[in-house]
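Engineer: For reference, the file entry_26.pdb (PDB, C-alpha atoms) is included below:
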```pdb
MODEL        1
ATOM      1  CA  MET E   1      13.179 -29.769  24.491
ATOM      2  CA  ASP E   2       9.553 -30.605  23.725
ATOM      3  CA  ILE E   3       7.955 -28.068  21.389
ATOM      4  CA  VAL E   4       4.275 -27.558  20.601
ATOM      5  CA  LEU E   5       3.723 -25.270  17.637
ATOM      6  CA  LEU E   6       0.195 -23.895  17.325
ATOM      7  CA  ALA E   7      -0.468 -22.694  13.771
ATOM      8  CA  PRO E   8      -4.214 -23.058  13.107
ATOM      9  CA  ALA E   9      -4.191 -21.629   9.574
ATOM     10  CA  LEU E  10      -1.060 -23.430   8.401
ATOM     11  CA  LEU E  11      -2.929 -25.923   6.224
ATOM     12  CA  ASP E  12      -5.544 -23.577   4.842
ATOM     13  CA  ALA E  13      -5.279 -24.286   1.159
ATOM     14  CA  GLU E  14      -5.517 -20.766  -0.282
ATOM     15  CA  GLY E  15      -2.290 -19.388  -1.683
ATOM     16  CA  TYR E  16      -0.035 -22.447  -1.689
ATOM     17  CA  PHE E  17      -0.402 -23.014  -5.409
ATOM     18  CA  ASP E  18       0.649 -21.051  -8.454
ATOM     19  CA  ALA E  19       0.120 -21.272 -12.197
ATOM     20  CA  GLU E  20       3.058 -23.658 -12.576
ATOM     21  CA  GLY E  21       1.798 -26.099  -9.975
ATOM     22  CA  VAL E  22       2.459 -26.799  -6.334
ATOM     23  CA  LYS E  23       5.329 -25.001  -4.608
ATOM     24  CA  ARG E  24       7.804 -27.224  -2.799
ATOM     25  CA  PHE E  25       8.529 -26.823   0.890
ATOM     26  CA  ASP E  26      11.024 -29.606   1.526
ATOM     27  CA  ALA E  27      11.502 -29.321   5.290
ATOM     28  CA  LEU E  28       7.822 -28.777   6.085
ATOM     29  CA  GLU E  29       6.789 -31.623   3.789
ATOM     30  CA  MET E  30       9.305 -33.907   5.479
ATOM     31  CA  LEU E  31       7.971 -33.002   8.930
ATOM     32  CA  LEU E  32       4.335 -33.541   7.965
ATOM     33  CA  SER E  33       5.016 -36.752   6.042
ATOM     34  CA  ARG E  34       7.074 -38.419   8.781
ATOM     35  CA  ALA E  35       4.734 -37.402  11.606
ATOM     36  CA  SER E  36       1.998 -39.423  13.243
ATOM     37  CA  LYS E  37      -1.144 -37.610  12.131
ATOM     38  CA  SER E  38      -4.456 -37.324  13.966
ATOM     39  CA  ILE E  39      -7.506 -35.507  12.655
ATOM     40  CA  VAL E  40      -8.717 -32.541  14.692
ATOM     41  CA  THR E  41     -12.398 -31.785  15.104
ATOM     42  CA  GLU E  42     -12.388 -28.192  13.913
ATOM     43  CA  GLU E  43     -12.701 -25.831  16.856
ATOM     44  CA  SER E  44     -12.623 -22.080  17.185
ATOM     45  CA  LEU E  45      -9.218 -20.470  17.509
ATOM     46  CA  SER E  46     -10.116 -19.516  21.060
ATOM     47  CA  ALA E  47     -10.843 -23.148  21.929
ATOM     48  CA  LEU E  48      -7.631 -24.373  20.299
ATOM     49  CA  LEU E  49      -5.652 -21.852  22.307
ATOM     50  CA  ALA E  50      -7.532 -22.398  25.574
ATOM     51  CA  ASN E  51      -6.845 -26.136  25.319
ATOM     52  CA  GLN E  52      -3.120 -25.435  25.421
ATOM     53  CA  PHE E  53      -3.551 -23.789  28.817
ATOM     54  CA  ALA E  54      -5.886 -26.408  30.315
ATOM     55  CA  TYR E  55      -8.738 -23.905  30.431
ATOM     56  CA  THR E  56     -12.142 -25.562  30.816
ATOM     57  CA  GLN E  57     -14.929 -23.657  29.107
ATOM     58  CA  GLU E  58     -18.088 -23.123  31.150
ATOM     59  CA  PRO E  59     -21.226 -24.695  29.658
ATOM     60  CA  ASP E  60     -23.228 -22.256  27.540
ATOM     61  CA  ARG E  61     -20.625 -19.520  27.993
ATOM     62  CA  ASP E  62     -18.057 -17.923  25.722
ATOM     63  CA  ILE E  63     -14.386 -18.345  26.388
ATOM     64  CA  PRO E  64     -13.699 -14.975  28.092
ATOM     65  CA  ILE E  65     -11.302 -13.680  25.469
ATOM     66  CA  ALA E  66     -12.110 -10.043  26.229
ATOM     67  CA  ALA E  67     -11.177 -10.206  29.917
ATOM     68  CA  ILE E  68      -8.080 -12.339  29.208
ATOM     69  CA  GLY E  69      -6.826 -10.098  26.413
ATOM     70  CA  ARG E  70      -7.487  -6.945  28.378
ATOM     71  CA  LEU E  71      -4.927  -8.139  30.945
ATOM     72  CA  ILE E  72      -2.341  -7.244  28.321
ATOM     73  CA  ASP E  73      -3.974  -4.189  26.766
ATOM     74  CA  ASP E  74      -4.708  -2.520  30.100
ATOM     75  CA  GLU E  75      -1.934  -4.023  32.283
ATOM     76  CA  LYS E  76      -4.230  -4.512  35.258
ATOM     77  CA  ARG E  77      -6.684  -7.144  36.382
ATOM     78  CA  PRO E  78     -10.092  -6.437  34.833
ATOM     79  CA  GLU E  79     -13.078  -6.804  37.120
ATOM     80  CA  ALA E  80     -16.707  -7.360  36.062
ATOM     81  CA  TYR E  81     -17.938  -8.745  32.718
ATOM     82  CA  TRP E  82     -16.159  -7.773  29.513
ATOM     83  CA  ILE E  83     -16.932  -8.528  25.877
ATOM     84  CA  ARG E  84     -15.065  -7.634  22.712
ATOM     85  CA  ALA E  85     -16.800  -5.218  20.326
ATOM     86  CA  ASP E  86     -14.392  -5.108  17.406
ATOM     87  CA  PRO E  87     -14.725  -2.769  14.405
ATOM     88  CA  VAL E  88     -15.646  -4.480  11.136
ATOM     89  CA  HIS E  89     -16.852  -3.756   7.636
ATOM     90  CA  LEU E  90     -19.977  -5.521   6.415
ATOM     91  CA  ARG E  91     -20.069  -5.904   2.659
ATOM     92  CA  ALA E  92     -23.600  -6.318   1.336
ATOM     93  CA  ASP E  93     -24.726  -8.134  -1.768
ATOM     94  CA  GLN E  94     -28.188  -9.283  -2.837
ATOM     95  CA  LYS E  95     -28.271 -12.235  -0.453
ATOM     96  CA  SER E  96     -25.749 -11.692   2.347
ATOM     97  CA  LEU E  97     -23.734  -9.430   4.638
ATOM     98  CA  ASN E  98     -20.133 -10.602   4.554
ATOM     99  CA  LEU E  99     -17.761  -9.575   7.321
ATOM    100  CA  LEU E 100     -14.268  -8.138   6.858
ATOM    101  CA  ASP E 101     -12.182  -7.455   9.954
ATOM    102  CA  VAL E 102      -9.790  -4.662  10.873
ATOM    103  CA  SER E 103      -6.965  -6.137   8.789
ATOM    104  CA  TYR E 104      -8.835  -4.829   5.727
ATOM    105  CA  LEU E 105      -9.622  -1.422   7.183
ATOM    106  CA  SER E 106      -6.257   0.392   7.561
ATOM    107  CA  LEU E 107      -7.642   1.663  10.841
ATOM    108  CA  THR E 108      -5.543   4.130  12.812
ATOM    109  CA  GLN E 109      -6.030   4.886  16.499
ATOM    110  CA  HIS E 110      -7.230   8.371  15.541
ATOM    111  CA  ASP E 111      -9.989   6.947  13.343
ATOM    112  CA  ALA E 112     -10.806   4.262  15.907
ATOM    113  CA  LEU E 113     -11.428   6.861  18.608
ATOM    114  CA  ALA E 114     -13.503   8.985  16.237
ATOM    115  CA  ILE E 115     -15.675   5.988  15.340
ATOM    116  CA  ALA E 116     -15.986   5.014  19.000
ATOM    117  CA  ALA E 117     -17.291   8.502  19.772
ATOM    118  CA  VAL E 118     -20.076   7.970  17.209
ATOM    119  CA  VAL E 119     -21.320   4.746  18.820
ATOM    120  CA  GLN E 120     -20.632   5.621  22.464
ATOM    121  CA  PRO E 121     -24.174   7.011  23.101
ATOM    122  CA  SER E 122     -25.692   3.583  22.362
ATOM    123  CA  PHE E 123     -23.613   2.058  25.138
ATOM    124  CA  SER E 124     -23.949   4.942  27.577
ATOM    125  CA  GLU E 125     -27.732   4.598  27.461
ATOM    126  CA  LEU E 126     -27.285   1.037  28.777
ATOM    127  CA  GLY E 127     -24.727   2.024  31.404
ATOM    128  CA  TRP E 128     -21.934   0.214  29.561
ATOM    129  CA  GLU E 129     -18.352   1.438  29.129
ATOM    130  CA  LEU E 130     -16.492   1.250  25.808
ATOM    131  CA  GLU E 131     -12.680   1.138  25.754
ATOM    132  CA  VAL E 132     -10.474   1.390  22.659
ATOM    133  CA  PRO E 133      -6.873   0.677  23.728
ATOM    134  CA  VAL E 134      -5.777  -0.293  20.182
ATOM    135  CA  PRO E 135      -7.523   0.001  16.794
ATOM    136  CA  SER E 136      -8.121  -3.735  16.421
ATOM    137  CA  ARG E 137      -9.383  -4.612  19.914
ATOM    138  CA  TRP E 138     -12.342  -2.828  21.506
ATOM    139  CA  TYR E 139     -13.816  -3.755  24.876
ATOM    140  CA  LEU E 140     -17.228  -3.303  26.473
ATOM    141  CA  LYS E 141     -17.681  -3.400  30.238
ATOM    142  CA  LEU E 142     -21.215  -4.536  31.160
ATOM    143  CA  ASP E 143     -23.105  -4.073  34.410
ATOM    144  CA  LYS E 144     -24.179  -7.735  34.470
ATOM    145  CA  LYS E 145     -23.674 -11.018  32.619
ATOM    146  CA  PRO E 146     -25.864 -11.206  29.505
ATOM    147  CA  ALA E 147     -27.606 -14.455  28.621
ATOM    148  CA  ILE E 148     -26.000 -14.827  25.195
ATOM    149  CA  ARG E 149     -23.464 -16.916  23.315
ATOM    150  CA  THR E 150     -21.379 -15.363  20.578
ATOM    151  CA  THR E 151     -19.228 -16.517  17.669
ATOM    152  CA  GLU E 152     -15.624 -15.432  17.653
ATOM    153  CA  LEU E 153     -14.645 -12.939  15.002
ATOM    154  CA  HIS E 154     -12.100 -15.225  13.324
ATOM    155  CA  SER E 155     -14.821 -17.769  12.540
ATOM    156  CA  VAL E 156     -16.941 -15.213  10.679
ATOM    157  CA  LEU E 157     -14.283 -13.646   8.429
ATOM    158  CA  GLY E 158     -15.423 -13.533   4.836
ATOM    159  CA  LYS E 159     -18.773 -15.125   5.694
ATOM    160  CA  ASP E 160     -22.406 -14.053   5.868
ATOM    161  CA  ILE E 161     -23.057 -12.914   9.438
ATOM    162  CA  GLN E 162     -26.677 -14.113   9.552
ATOM    163  CA  SER E 163     -25.759 -17.597  10.792
ATOM    164  CA  PHE E 164     -23.355 -16.259  13.412
ATOM    165  CA  MET E 165     -25.322 -13.596  15.259
ATOM    166  CA  PRO E 166     -25.454 -13.687  19.088
ATOM    167  CA  PHE E 167     -27.981 -16.224  20.378
ATOM    168  CA  GLY E 168     -29.614 -16.898  23.702
ATOM    169  CA  GLU E 169     -32.267 -15.309  25.915
ATOM    170  CA  ASP E 170     -30.829 -11.786  25.557
ATOM    171  CA  ALA E 171     -30.070 -12.099  21.839
ATOM    172  CA  PRO E 172     -32.893  -9.752  20.702
ATOM    173  CA  THR E 173     -31.378  -6.928  22.754
ATOM    174  CA  TRP E 174     -28.007  -7.437  21.095
ATOM    175  CA  HIS E 175     -29.488  -7.665  17.626
ATOM    176  CA  ARG E 176     -31.272  -4.344  18.159
ATOM    177  CA  LEU E 177     -28.081  -2.821  19.527
ATOM    178  CA  MET E 178     -26.063  -3.965  16.517
ATOM    179  CA  ASN E 179     -28.671  -2.491  14.160
ATOM    180  CA  GLU E 180     -28.631   0.792  16.064
ATOM    181  CA  ILE E 181     -24.842   0.976  15.850
ATOM    182  CA  GLN E 182     -24.953   0.330  12.105
ATOM    183  CA  MET E 183     -27.436   3.200  11.733
ATOM    184  CA  ARG E 184     -25.183   5.539  13.736
ATOM    185  CA  LEU E 185     -22.185   4.627  11.583
ATOM    186  CA  HIS E 186     -24.045   4.993   8.293
ATOM    187  CA  ASN E 187     -22.887   8.297   6.747
ATOM    188  CA  ALA E 188     -20.943   9.238   9.898
ATOM    189  CA  ASP E 189     -18.468  12.023   9.110
ATOM    190  CA  ILE E 190     -15.468   9.836   9.907
ATOM    191  CA  ASN E 191     -16.661   7.172   7.472
ATOM    192  CA  THR E 192     -17.290   9.798   4.795
ATOM    193  CA  MET E 193     -13.683  10.950   5.184
ATOM    194  CA  ARG E 194     -12.459   7.357   5.042
ATOM    195  CA  SER E 195     -14.394   6.761   1.829
ATOM    196  CA  GLU E 196     -12.883   9.907   0.307
ATOM    197  CA  ARG E 197      -9.443   8.478   1.150
ATOM    198  CA  GLY E 198     -10.342   5.220  -0.577
ATOM    199  CA  GLU E 199     -10.660   3.307   2.714
ATOM    200  CA  LEU E 200     -13.426   0.969   3.776
ATOM    201  CA  ALA E 201     -16.006   2.318   6.186
ATOM    202  CA  VAL E 202     -16.287   0.867   9.671
ATOM    203  CA  ASN E 203     -19.998   0.173   9.506
ATOM    204  CA  SER E 204     -20.532  -2.249  12.392
ATOM    205  CA  LEU E 205     -19.049  -3.756  15.547
ATOM    206  CA  TRP E 206     -18.827  -7.470  16.222
ATOM    207  CA  PRO E 207     -19.460  -8.667  19.821
ATOM    208  CA  TRP E 208     -17.664 -11.826  20.946
ATOM    209  CA  GLY E 209     -15.571 -13.452  23.649
ATOM    210  CA  GLY E 210     -17.553 -12.269  26.666
ATOM    211  CA  GLY E 211     -16.979 -13.242  30.278
ATOM    212  CA  CYS E 212     -15.273 -12.537  33.571
ATOM    213  CA  LEU E 213     -11.580 -13.129  34.166
ATOM    214  CA  PRO E 214     -10.966 -16.755  35.215
ATOM    215  CA  ASP E 215      -8.938 -17.783  38.230
ATOM    216  CA  LEU E 216      -5.252 -18.640  37.936
ATOM    217  CA  LEU E 217      -4.668 -21.562  35.615
ATOM    218  CA  GLU E 218      -2.362 -24.545  35.882
ATOM    219  CA  ARG E 219       1.111 -23.894  34.501
ATOM    220  CA  LYS E 220       1.817 -26.327  31.656
ATOM    221  CA  TRP E 221       4.753 -24.720  29.865
ATOM    222  CA  SER E 222       8.298 -23.740  30.745
ATOM    223  CA  ARG E 223       7.969 -20.822  28.357
ATOM    224  CA  VAL E 224       5.593 -19.491  25.731
ATOM    225  CA  TYR E 225       6.588 -17.616  22.586
ATOM    226  CA  SER E 226       3.963 -15.427  20.963
ATOM    227  CA  ASP E 227       3.016 -11.929  19.848
ATOM    228  CA  GLU E 228      -0.692 -12.784  20.001
ATOM    229  CA  ASN E 229      -2.644 -10.813  22.594
ATOM    230  CA  CYS E 230      -4.759 -13.570  24.116
ATOM    231  CA  THR E 231      -1.838 -16.012  24.287
ATOM    232  CA  MET E 232       0.001 -13.461  26.391
ATOM    233  CA  GLY E 233      -3.064 -13.137  28.603
ATOM    234  CA  PHE E 234      -3.326 -16.896  29.139
ATOM    235  CA  SER E 235       0.395 -16.959  29.936
ATOM    236  CA  MET E 236      -0.041 -14.280  32.557
ATOM    237  CA  LEU E 237      -2.978 -16.174  34.088
ATOM    238  CA  SER E 238      -0.834 -19.306  34.388
ATOM    239  CA  ASN E 239       2.295 -17.514  35.619
ATOM    240  CA  THR E 240       4.169 -18.657  32.529
ATOM    241  CA  PRO E 241       6.996 -16.568  31.026
ATOM    242  CA  CYS E 242       5.888 -15.302  27.628
ATOM    243  CA  LEU E 243       8.527 -14.010  25.229
ATOM    244  CA  ALA E 244       8.230 -12.309  21.871
ATOM    245  CA  LEU E 245       8.071 -14.695  18.941
ATOM    246  CA  PRO E 246      11.630 -14.943  17.545
ATOM    247  CA  GLU E 247      12.412 -14.495  13.876
ATOM    248  CA  THR E 248      13.759 -18.031  13.575
ATOM    249  CA  ALA E 249      13.510 -21.336  15.405
ATOM    250  CA  ASP E 250      17.300 -21.277  15.741
ATOM    251  CA  THR E 251      16.978 -18.382  18.190
ATOM    252  CA  LEU E 252      14.487 -20.375  20.247
ATOM    253  CA  LEU E 253      16.710 -23.467  20.273
ATOM    254  CA  GLN E 254      19.726 -21.457  21.375
ATOM    255  CA  GLU E 255      17.824 -19.737  24.196
ATOM    256  CA  GLN E 256      15.894 -22.726  25.491
ATOM    257  CA  SER E 257      18.514 -25.093  26.883
ATOM    258  CA  ASP E 258      16.838 -24.699  30.284
ATOM    259  CA  ALA E 259      13.273 -25.232  29.066
ATOM    260  CA  ALA E 260      11.622 -28.648  29.084
ATOM    261  CA  SER E 261       8.379 -27.728  27.314
ATOM    262  CA  VAL E 262       7.732 -24.799  25.027
ATOM    263  CA  LEU E 263       4.553 -23.508  23.353
ATOM    264  CA  VAL E 264       4.963 -21.448  20.195
ATOM    265  CA  VAL E 265       1.907 -19.645  18.820
ATOM    266  CA  MET E 266       2.627 -18.647  15.234
ATOM    267  CA  SER E 267       1.150 -15.209  14.668
ATOM    268  CA  ASP E 268       1.500 -15.492  10.883
ATOM    269  CA  PHE E 269      -0.656 -18.615  10.783
ATOM    270  CA  TYR E 270      -2.983 -17.866  13.667
ATOM    271  CA  THR E 271      -5.983 -16.665  11.685
ATOM    272  CA  ARG E 272      -7.446 -17.796   8.367
ATOM    273  CA  ILE E 273      -5.515 -16.182   5.538
ATOM    274  CA  LEU E 274      -7.809 -14.972   2.775
ATOM    275  CA  ASP E 275      -5.056 -13.399   0.648
ATOM    276  CA  GLY E 276      -3.527 -16.215  -1.378
ATOM    277  CA  GLY E 277      -0.369 -14.343  -2.333
ATOM    278  CA  GLN E 278       0.300 -13.417   1.270
ATOM    279  CA  ALA E 279      -0.160 -17.031   2.365
ATOM    280  CA  GLY E 280       2.484 -18.222  -0.094
ATOM    281  CA  ARG E 281       4.998 -15.627   1.090
ATOM    282  CA  LEU E 282       4.398 -16.459   4.743
ATOM    283  CA  LEU E 283       4.845 -20.147   4.064
ATOM    284  CA  GLU E 284       8.161 -19.558   2.302
ATOM    285  CA  LYS E 285       9.401 -17.622   5.335
ATOM    286  CA  PHE E 286       8.138 -20.347   7.671
ATOM    287  CA  GLU E 287      10.002 -22.991   5.665
ATOM    288  CA  LYS E 288      13.268 -21.037   5.745
ATOM    289  CA  ASN E 289      13.162 -19.671   9.300
ATOM    290  CA  TRP E 290      11.405 -22.443  11.209
ATOM    291  CA  CYS E 291      10.958 -25.782   9.481
ATOM    292  CA  ARG E 292      14.587 -26.250   8.485
ATOM    293  CA  PHE E 293      15.811 -25.580  12.025
ATOM    294  CA  LEU E 294      13.137 -27.762  13.624
ATOM    295  CA  LEU E 295      13.950 -30.627  11.279
ATOM    296  CA  GLN E 296      17.640 -30.336  12.125
ATOM    297  CA  GLY E 297      16.766 -30.126  15.821
ATOM    298  CA  LEU E 298      14.964 -33.456  15.600
ATOM    299  CA  ARG E 299      17.921 -34.981  13.792
ATOM    300  CA  ASP E 300      20.495 -33.860  16.376
ATOM    301  CA  ASN E 301      18.110 -34.467  19.311
ATOM    302  CA  SER E 302      18.108 -30.865  20.528
ATOM    303  CA  VAL E 303      14.360 -31.174  19.886
ATOM    304  CA  HIS E 304      13.071 -34.204  21.783
ATOM    305  CA  SER E 305       9.575 -33.970  20.350
ATOM    306  CA  LEU E 306       7.615 -31.672  18.085
ATOM    307  CA  ARG E 307       3.837 -31.350  17.840
ATOM    308  CA  ILE E 308       2.328 -29.143  15.125
ATOM    309  CA  ILE E 309      -1.321 -28.253  15.743
ATOM    310  CA  THR E 310      -3.455 -26.866  12.919
ATOM    311  CA  ARG E 311      -7.154 -26.348  12.470
ATOM    312  CA  LYS E 312      -7.363 -29.622  10.536
ATOM    313  CA  ALA E 313      -4.893 -32.018  12.176
ATOM    314  CA  GLU E 314      -2.120 -32.614  14.702
ATOM    315  CA  PHE E 315       1.294 -33.896  13.656
ATOM    316  CA  ASN E 316       3.532 -35.572  16.265
ATOM    317  CA  LEU E 317       7.234 -36.251  15.703
ATOM    318  CA  ASN E 318      10.360 -37.330  17.497
ATOM    319  CA  ARG E 319      13.788 -38.360  16.257
ATOM    320  CA  ARG E 320      12.620 -41.871  15.423
ATOM    321  CA  SER E 321       9.898 -40.449  13.212
ATOM    322  CA  LEU E 322      12.580 -39.405  10.732
ATOM    323  CA  TRP E 323      13.741 -43.028  10.355
ATOM    324  CA  LYS E 324      10.616 -43.936   8.394
ATOM    325  CA  PHE E 325      12.574 -44.083   5.156
ATOM    326  CA  TRP E 326       9.892 -46.226   3.554
ATOM    327  CA  SER E 327       7.321 -43.467   4.072
ATOM    328  CA  LYS E 328       6.794 -41.298   1.001
ATOM    329  CA  VAL E 329       7.372 -37.555   1.391
ATOM    330  CA  ASN E 330       4.143 -36.017   0.146
ATOM    331  CA  SER E 331       3.829 -32.571  -1.371
ATOM    332  CA  LEU E 332       2.021 -29.945   0.650
ATOM    333  CA  ASP E 333      -1.141 -30.121  -1.451
ATOM    334  CA  GLN E 334      -1.738 -33.607  -0.003
ATOM    335  CA  PHE E 335      -2.193 -32.000   3.426
ATOM    336  CA  THR E 336      -4.105 -28.875   2.460
ATOM    337  CA  THR E 337      -6.966 -30.511   0.561
TER     338      THR E 337
ENDMDL
END
```
Now that the file is in, can you turn its structure into structure tokens?

Structural biologist:
Amino acid sequence: MDIVLLAPALLDAEGYFDAEGVKRFDALEMLLSRASKSIVTEESLSALLANQFAYTQEPDRDIPIAAIGRLIDDEKRPEAYWIRADPVHLRADQKSLNLLDVSYLSLTQHDALAIAAVVQPSFSELGWELEVPVPSRWYLKLDKKPAIRTTELHSVLGKDIQSFMPFGEDAPTWHRLMNEIQMRLHNADINTMRSERGELAVNSLWPWGGGCLPDLLERKWSRVYSDENCTMGFSMLSNTPCLALPETADTLLQEQSDAASVLVVMSDFYTRILDGGQAGRLLEKFEKNWCRFLLQGLRDNSVHSLRIITRKAEFNLNRRSLWKFWSKVNSLDQFTT
């Protein structure tokens, strides 16, 4: 079996260190140290994922994440132009507006629908349709393709939004729309109730990932394992079986005797992890449930090859890679800095 493991945030440095020094992750450190390493030019998460499905991005266009993801959220083929309009919290200081996504908002579907009702008039005036199938993913259906480029939400987390606003010929329209939405949400009853409950207000929406659904894509994988929405959409577009991400790599190895090539998209390490403590806990689970089994799979040749793709680098291994006894096993901090 050939396995490609996509874990963009795996080597993000936050959270892998404690007061006593660097934590040890023996199996992961062995895999990274014995691998052939190549530096990756940092791309958006959407681009990293699209590359795994041989999707070619149109010049001056977003990767159509909204239309692809809506295949899963709506279970039917979306027509027309769709763009994500996800709920966020903008935290202001003297110099910036920093964006926090829905993972910080404790947003229920009830609150999501109430917030959507507040902003719906802004879209209705333009003849656009807003859909809220789940609290974290909102979709806008437009009557025509806008002349804009956007920045995906994951790339803006924790950052000042000013450098990431929509750009292009129609950008002024979108900037005005975003301001209008922020005004509607300011002191909205639902946000007042959220504040009284000690929850962050949803005070803006972030547009990104616009486009029309692409044609069927080439099938590259025997199977895909993921719980990530857009990965499932790409799998559907390429007629590739997509299964839920198993708890351990051992489950995958036992199930996949008939699969030549497998893509695994690690939900835990898909987006940038800002909570250091959480990152450490996730890495410990990854070491125990995945790295140990993958290392053993390389040793007994049940894994023919393994490629680990992060935001910073790619690591390629096969059984012979483990024979590099002269190669020092580096601690994880050597890869995260």

Engineer: Just to confirm, what's the straight-line distance from CA of Cys212 in chain E to CA of Leu142 in chain E in Å (one decimal)?

Structural biologist: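 According to the coordinates, CA of Cys212 in chain E and CA of Leu142 in chain E are separated by 10.3 Å.
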
Engineer: Pick out the residues sitting within 9 Å of range 287-291 of chain E, and hand them over as a list in words; count only C-alpha atoms, and ignore anything fewer than 3 positions along from it in its own chain.

Structural biologist: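 The neighbour list is Phe25, Asp26, Ala27, Leu28, Leu31, Glu247, Thr248, Ala249, Asp250, Leu282, Leu283, Glu284, Leu294, Leu295 and Gln296 of chain E.
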
Engineer: Any chance you could resolve the PyMOL selection byres ((chain E and resi 199) around 12) against this file and give the residues as a list of chain:residue names?

Structural biologist: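 Here the PyMOL selection byres ((chain E and resi 199) around 12) matches E:His89, E:Val102, E:Ser103, E:Tyr104, E:Leu105, E:Ser106, E:Leu107, E:Thr108, E:Asp111, E:Ile190, E:Asn191, E:Thr192, E:Met193, E:Arg194, E:Ser195, E:Glu196, E:Arg197, E:Gly198, E:Leu200, E:Ala201, E:Val202, E:Asn203.
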
Engineer: Deliver the residues from the most recent selection as a file, using C-alpha atoms, as an mmCIF file, in the frame of the given file.

Structural biologist:
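To be explicit, this is the file written out as result_24.cif:
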```cif
data_model
loop_
_atom_site.group_PDB
_atom_site.id
_atom_site.type_symbol
_atom_site.label_atom_id
_atom_site.label_comp_id
_atom_site.auth_asym_id
_atom_site.auth_seq_id
_atom_site.Cartn_x
_atom_site.Cartn_y
_atom_site.Cartn_z
ATOM 1 C CA HIS E 89 -16.852 -3.756 7.636
ATOM 2 C CA VAL E 102 -9.790 -4.662 10.873
ATOM 3 C CA SER E 103 -6.965 -6.137 8.789
ATOM 4 C CA TYR E 104 -8.835 -4.829 5.727
ATOM 5 C CA LEU E 105 -9.622 -1.422 7.183
ATOM 6 C CA SER E 106 -6.257 0.392 7.561
ATOM 7 C CA LEU E 107 -7.642 1.663 10.841
ATOM 8 C CA THR E 108 -5.543 4.130 12.812
ATOM 9 C CA ASP E 111 -9.989 6.947 13.343
ATOM 10 C CA ILE E 190 -15.468 9.836 9.907
ATOM 11 C CA ASN E 191 -16.661 7.172 7.472
ATOM 12 C CA THR E 192 -17.290 9.798 4.795
ATOM 13 C CA MET E 193 -13.683 10.950 5.184
ATOM 14 C CA ARG E 194 -12.459 7.357 5.042
ATOM 15 C CA SER E 195 -14.394 6.761 1.829
ATOM 16 C CA GLU E 196 -12.883 9.907 0.307
ATOM 17 C CA ARG E 197 -9.443 8.478 1.150
ATOM 18 C CA GLY E 198 -10.342 5.220 -0.577
ATOM 19 C CA LEU E 200 -13.426 0.969 3.776
ATOM 20 C CA ALA E 201 -16.006 2.318 6.186
ATOM 21 C CA VAL E 202 -16.287 0.867 9.671
ATOM 22 C CA ASN E 203 -19.998 0.173 9.506
#
```

Engineer: Skipping near chain neighbours, those fewer than 6 positions away, what residues fall within 8 Å of Val329 in chain E using only C-alpha atoms, listed as a compact mmCIF listing (two decimals) with C-alpha atoms, in the frame of the given file?

Structural biologist:
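Saved the output as result-v8.txt:
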```txt
# COMPACT_ATOMS: atom_id res chain seq x y z
CA GLU E 29 6.79 -31.62 3.79
CA MET E 30 9.30 -33.91 5.48
CA SER E 33 5.02 -36.75 6.04
CA ARG E 34 7.07 -38.42 8.78
```

Engineer: Excluding range 221-234 of chain E and any residue of its chain fewer than 5 positions from it, enumerate the residues within 9 Å of it, using only C-alpha atoms, and give them as a count of residues only.

Structural biologist: 35

Engineer: Taking the file as I've supplied it (selection: the PyMOL selection byres ((chain E and resi 313) around 7)), which residues are included? Please answer as a PyMOL selection string.

Structural biologist: chain E and resi 37-40+309-312+314-315

Engineer: Give me a file of those residues, with C-alpha atoms, as a PDB file, keeping the file's coordinate frame.

Structural biologist:
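Final output, selection04.pdb:
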```pdb
ATOM      1  CA  LYS E  37      -1.144 -37.610  12.131  1.00  0.00           C
ATOM      2  CA  SER E  38      -4.456 -37.324  13.966  1.00  0.00           C
ATOM      3  CA  ILE E  39      -7.506 -35.507  12.655  1.00  0.00           C
ATOM      4  CA  VAL E  40      -8.717 -32.541  14.692  1.00  0.00           C
ATOM      5  CA  ILE E 309      -1.321 -28.253  15.743  1.00  0.00           C
ATOM      6  CA  THR E 310      -3.455 -26.866  12.919  1.00  0.00           C
ATOM      7  CA  ARG E 311      -7.154 -26.348  12.470  1.00  0.00           C
ATOM      8  CA  LYS E 312      -7.363 -29.622  10.536  1.00  0.00           C
ATOM      9  CA  GLU E 314      -2.120 -32.614  14.702  1.00  0.00           C
ATOM     10  CA  PHE E 315       1.294 -33.896  13.656  1.00  0.00           C
TER      11      PHE E 315
END
```

Engineer: Can you pull out every residue within 8 Å of Trp206 in chain E, counting all atoms listed in the file, but drop anything in the same chain fewer than 6 positions away, and send it as a ChimeraX atom specification?

Structural biologist: /E:84-88,153
